[in-house]
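Here is the file query-v4.pdb (PDB, C-alpha atoms).
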```pdb
MODEL        1
ATOM      1  CA  LYS A   1      83.121 108.774  79.031
ATOM      2  CA  SER A   2      80.149 107.318  80.920
ATOM      3  CA  ARG A   3      77.825 109.970  79.526
ATOM      4  CA  ALA A   4      78.999 109.247  75.957
ATOM      5  CA  LEU A   5      78.485 105.506  76.443
ATOM      6  CA  ASN A   6      74.978 106.023  77.852
ATOM      7  CA  PHE A   7      74.142 108.405  75.004
ATOM      8  CA  ALA A   8      75.184 105.823  72.410
ATOM      9  CA  ILE A   9      73.465 102.913  74.165
ATOM     10  CA  GLU A  10      70.173 104.808  74.434
ATOM     11  CA  ARG A  11      70.245 105.520  70.712
ATOM     12  CA  SER A  12      71.227 102.017  69.666
ATOM     13  CA  SER A  13      68.500  99.941  68.050
ATOM     14  CA  GLY A  14      69.742  96.424  68.741
ATOM     15  CA  GLU A  15      69.417  94.290  71.844
ATOM     16  CA  LEU A  16      73.194  93.761  71.989
ATOM     17  CA  VAL A  17      75.691  96.584  72.382
ATOM     18  CA  MET A  18      79.458  96.446  72.118
ATOM     19  CA  CYS A  19      81.522  98.913  74.109
ATOM     20  CA  VAL A  20      85.098  99.540  72.987
ATOM     21  CA  ASP A  21      87.581 102.136  74.238
ATOM     22  CA  ALA A  22      88.699 104.774  71.744
ATOM     23  CA  ASP A  23      92.321 103.599  71.878
ATOM     24  CA  SER A  24      91.424  99.965  71.228
ATOM     25  CA  LYS A  25      90.952  97.932  68.049
ATOM     26  CA  LEU A  26      89.046  94.669  67.806
ATOM     27  CA  GLU A  27      90.226  91.605  65.949
ATOM     28  CA  LYS A  28      87.933  90.860  63.030
ATOM     29  CA  ASP A  29      86.126  87.920  64.680
ATOM     30  CA  ALA A  30      85.650  89.445  68.148
ATOM     31  CA  VAL A  31      82.012  90.458  67.699
ATOM     32  CA  GLU A  32      81.021  87.130  66.162
ATOM     33  CA  LEU A  33      82.722  85.184  68.962
ATOM     34  CA  MET A  34      80.949  87.179  71.656
ATOM     35  CA  VAL A  35      77.478  87.231  70.088
ATOM     36  CA  ARG A  36      77.098  83.475  70.334
ATOM     37  CA  TYR A  37      77.069  83.614  74.153
ATOM     38  CA  PHE A  38      73.791  85.502  74.018
ATOM     39  CA  LYS A  39      71.989  82.461  72.611
ATOM     40  CA  ASN A  40      71.813  81.614  76.307
ATOM     41  CA  SER A  41      69.106  83.979  77.567
ATOM     42  CA  GLU A  42      70.688  84.013  81.031
ATOM     43  CA  ILE A  43      73.863  85.741  79.816
ATOM     44  CA  SER A  44      73.749  89.532  80.186
ATOM     45  CA  ALA A  45      77.339  90.435  79.337
ATOM     46  CA  VAL A  46      80.542  88.994  77.907
ATOM     47  CA  ALA A  47      84.076  90.206  78.485
ATOM     48  CA  GLY A  48      86.880  89.716  75.986
ATOM     49  CA  SER A  49      90.671  89.562  76.183
ATOM     50  CA  VAL A  50      92.829  92.654  76.067
ATOM     51  CA  PHE A  51      96.351  92.732  74.634
ATOM     52  CA  VAL A  52      98.845  95.578  74.390
ATOM     53  CA  SER A  53      99.393  96.706  70.806
ATOM     54  CA  ASN A  54     102.288  99.118  71.258
ATOM     55  CA  ARG A  55     105.122  96.977  72.582
ATOM     56  CA  ILE A  56     107.764  99.611  71.909
ATOM     57  CA  ASN A  57     109.859  99.739  75.080
ATOM     58  CA  VAL A  58     110.474  97.892  78.340
ATOM     59  CA  LEU A  59     107.512  99.582  80.024
ATOM     60  CA  THR A  60     104.988  98.581  77.359
ATOM     61  CA  LYS A  61     106.463  95.074  77.061
ATOM     62  CA  LEU A  62     106.061  94.558  80.810
ATOM     63  CA  GLN A  63     102.461  95.765  80.566
ATOM     64  CA  ALA A  64     101.855  93.327  77.709
ATOM     65  CA  LEU A  65     103.006  90.504  79.979
ATOM     66  CA  GLU A  66     100.876  91.858  82.828
ATOM     67  CA  TYR A  67      97.762  91.898  80.617
ATOM     68  CA  ILE A  68      98.323  88.262  79.610
ATOM     69  CA  GLU A  69      99.332  86.891  83.007
ATOM     70  CA  GLY A  70      97.519  89.202  85.380
ATOM     71  CA  LEU A  71      94.298  90.052  83.596
ATOM     72  CA  ASN A  72      93.386  87.589  80.857
ATOM     73  CA  MET A  73      94.415  84.433  82.732
ATOM     74  CA  VAL A  74      92.570  85.581  85.853
ATOM     75  CA  ARG A  75      89.441  86.322  83.812
ATOM     76  CA  ASN A  76      89.661  82.816  82.340
ATOM     77  CA  ALA A  77      89.675  81.327  85.839
ATOM     78  CA  GLN A  78      86.827  83.592  86.898
ATOM     79  CA  ALA A  79      84.756  82.471  83.908
ATOM     80  CA  TYR A  80      85.367  78.836  84.827
ATOM     81  CA  LEU A  81      83.969  79.576  88.301
ATOM     82  CA  GLN A  82      81.230  81.810  86.842
ATOM     83  CA  LEU A  83      82.627  84.777  88.781
ATOM     84  CA  VAL A  84      83.763  87.275  86.120
ATOM     85  CA  ASN A  85      84.010  90.516  88.082
ATOM     86  CA  ILE A  86      84.956  93.100  85.480
ATOM     87  CA  ILE A  87      84.077  93.696  81.871
ATOM     88  CA  PRO A  88      87.036  95.710  80.586
ATOM     89  CA  GLY A  89      86.551  99.013  78.799
ATOM     90  CA  PRO A  90      88.421  97.900  75.665
ATOM     91  CA  ILE A  91      86.030  95.006  74.926
ATOM     92  CA  GLY A  92      82.653  94.227  76.396
ATOM     93  CA  MET A  93      79.333  93.155  74.946
ATOM     94  CA  PHE A  94      76.047  93.577  76.800
ATOM     95  CA  ARG A  95      72.351  93.056  76.529
ATOM     96  CA  LYS A  96      71.028  96.588  76.233
ATOM     97  CA  SER A  97      68.140  95.670  78.521
ATOM     98  CA  ALA A  98      70.557  94.614  81.292
ATOM     99  CA  ILE A  99      72.425  97.916  81.104
ATOM    100  CA  GLN A 100      69.139  99.817  81.206
ATOM    101  CA  GLU A 101      67.862  97.735  84.120
ATOM    102  CA  VAL A 102      70.814  98.779  86.296
ATOM    103  CA  GLY A 103      70.685 102.437  85.250
ATOM    104  CA  GLY A 104      73.515 102.478  82.705
ATOM    105  CA  TYR A 105      77.028 103.658  83.300
ATOM    106  CA  ALA A 106      77.355 105.795  86.435
ATOM    107  CA  HIS A 107      79.173 109.134  86.434
ATOM    108  CA  ASP A 108      80.543 109.037  89.981
ATOM    109  CA  THR A 109      83.621 106.808  89.690
ATOM    110  CA  PHE A 110      86.842 106.754  87.697
ATOM    111  CA  ALA A 111      86.133 103.107  86.778
ATOM    112  CA  GLU A 112      82.773 103.121  85.033
ATOM    113  CA  ASP A 113      83.413  99.627  83.621
ATOM    114  CA  CYS A 114      84.010  98.162  87.080
ATOM    115  CA  ASP A 115      80.999  99.985  88.513
ATOM    116  CA  LEU A 116      78.670  98.723  85.767
ATOM    117  CA  THR A 117      79.953  95.164  86.199
ATOM    118  CA  LEU A 118      79.339  95.295  89.948
ATOM    119  CA  LYS A 119      75.810  96.616  89.362
ATOM    120  CA  LEU A 120      75.134  93.698  87.034
ATOM    121  CA  ILE A 121      76.549  91.192  89.515
ATOM    122  CA  GLU A 122      74.553  92.513  92.445
ATOM    123  CA  THR A 123      71.331  92.244  90.417
ATOM    124  CA  ASN A 124      72.098  88.597  89.546
ATOM    125  CA  HIS A 125      73.034  89.112  85.901
ATOM    126  CA  LYS A 126      75.329  86.432  84.502
ATOM    127  CA  ILE A 127      78.604  87.472  82.913
ATOM    128  CA  ASP A 128      80.871  85.276  80.805
ATOM    129  CA  PHE A 129      84.263  85.564  79.121
ATOM    130  CA  GLU A 130      85.379  84.761  75.577
ATOM    131  CA  PRO A 131      89.190  84.497  75.595
ATOM    132  CA  ASP A 132      89.465  84.475  71.792
ATOM    133  CA  ALA A 133      87.563  87.763  71.369
ATOM    134  CA  VAL A 134      90.486  90.174  71.427
ATOM    135  CA  ALA A 135      90.937  93.921  71.643
ATOM    136  CA  HIS A 136      94.368  95.477  71.155
ATOM    137  CA  THR A 137      94.876  98.574  73.267
ATOM    138  CA  GLU A 138      97.498 101.268  73.621
ATOM    139  CA  ALA A 139      99.421 101.048  76.885
ATOM    140  CA  PRO A 140     101.138 104.066  78.437
ATOM    141  CA  ASP A 141     104.699 104.201  77.142
ATOM    142  CA  GLU A 142     106.062 106.672  79.691
ATOM    143  CA  LEU A 143     106.300 106.134  83.443
ATOM    144  CA  LEU A 144     104.332 109.236  84.442
ATOM    145  CA  ASP A 145     101.460 108.279  82.126
ATOM    146  CA  LEU A 146     101.457 104.743  83.542
ATOM    147  CA  LEU A 147     101.358 106.077  87.101
ATOM    148  CA  LYS A 148      98.438 108.370  86.229
ATOM    149  CA  GLN A 149      96.558 105.459  84.623
ATOM    150  CA  ARG A 150      97.131 103.153  87.583
ATOM    151  CA  TYR A 151      96.127 105.858  90.055
ATOM    152  CA  ARG A 152      92.889 106.359  88.082
ATOM    153  CA  TRP A 153      92.248 102.592  87.941
ATOM    154  CA  THR A 154      92.944 102.091  91.649
ATOM    155  CA  ARG A 155      90.888 105.077  92.740
ATOM    156  CA  GLY A 156      88.011 104.092  90.454
ATOM    157  CA  ILE A 157      87.950 100.477  91.585
ATOM    158  CA  LEU A 158      88.005 101.558  95.232
ATOM    159  CA  GLN A 159      85.153 103.991  94.540
ATOM    160  CA  ALA A 160      83.109 101.242  92.867
ATOM    161  CA  ILE A 161      83.814  98.757  95.675
ATOM    162  CA  GLN A 162      82.797 101.338  98.264
ATOM    163  CA  LYS A 163      79.545 102.041  96.382
ATOM    164  CA  HIS A 164      78.663  98.366  96.220
ATOM    165  CA  SER A 165      80.210  97.137  99.486
ATOM    166  CA  GLY A 166      76.857  96.210 101.001
ATOM    167  CA  SER A 167      76.139  93.613  98.345
ATOM    168  CA  LEU A 168      79.596  92.360  97.356
ATOM    169  CA  TRP A 169      79.664  89.581  99.923
ATOM    170  CA  ASN A 170      76.067  88.447  99.470
ATOM    171  CA  PHE A 171      76.714  85.650  96.991
ATOM    172  CA  LYS A 172      73.660  84.294  95.232
ATOM    173  CA  ASN A 173      73.411  81.174  93.089
TER     174      ASN A 173
ENDMDL
END
```
Once you've parsed the file, please lay out its structure as structure tokens.
Amino acid sequence: KSRALNFAIERSSGELVMCVDADSKLEKDAVELMVRYFKNSEISAVAGSVFVSNRINVLTKLQALEYIEGLNMVRNAQAYLQLVNIIPGPIGMFRKSAIQEVGGYAHDTFAEDCDLTLKLIETNHKIDFEPDAVAHTEAPDELLDLLKQRYRWTRGILQAIQKHSGSLWNFKN
């Protein structure tokens, strides 16, 4: 996935790029809502909200609640404190120059979105959050698929944290 994202970003002609997972769909105003943040030249990336689109059983309904309570609300608080620490794969907008400055998406973790966000943070790029820019994503609807996803997420985040552990606690204003 990281190689495909880098391939597309390199060939894009605009200064802003939007990255969206293949299983996600944006609401019609998501791009417009996110673009306005880039009027501030200090903003390098903007995260959006992610909601579960396939609420078909107890497992997917619980994940829908988790996304609202555990991910979107936390990102709102992080934005208030100017500490957004992950731009989710389903919806993120970036300055192309910022992505290029940090070397693009890396290929050595299972969480390329987390790794890229940490690279941006450690090079003092500012990240914001637009709660009304929404992507709807497909959640795993079977337990084994959910466990595989969460294993991949956990392993990838740990890989990214390990890669960037030397700079994670060096907060800069």
Name the residues that the PyMOL selection byres ((chain A and resi 10) around 12) picks from the file above, as a ChimeraX atom specification, using the file's chain letters and numbers. /A:3-9,11-17,96-97,99-100,103-105
I want to know what sits within 10 Å of Asn57 in chain A, based on all atoms listed in the file, with residues of the same chain fewer than 3 positions away left out; could you give that as a PDB file with C-alpha atoms, keeping the file's coordinate frame?
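Final output, out08.pdb:
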```pdb
ATOM      1  CA  ASN A  54     102.288  99.118  71.258  1.00  0.00           C
ATOM      2  CA  THR A  60     104.988  98.581  77.359  1.00  0.00           C
ATOM      3  CA  LYS A  61     106.463  95.074  77.061  1.00  0.00           C
ATOM      4  CA  LEU A  62     106.061  94.558  80.810  1.00  0.00           C
ATOM      5  CA  ASP A 141     104.699 104.201  77.142  1.00  0.00           C
ATOM      6  CA  GLU A 142     106.062 106.672  79.691  1.00  0.00           C
TER       7      GLU A 142
END
```
Sphere at (98.2, 104.2, 68.1), radius 9 Å, counting all atoms listed in the file: residues as a list in words: Asp23, Ser24, Ser53, Asn54, Thr137 and Glu138 of chain A
Atom pair CA of Ala79 in chain A / CA of His125 in chain A: separation (Å): 13.6 Å
Tell me which residues the PyMOL selection byres ((chain A and resi 29) around 12) grabs here, as an NGL selection string. :A and (25-28 or 30-36 or 48 or 130-135)
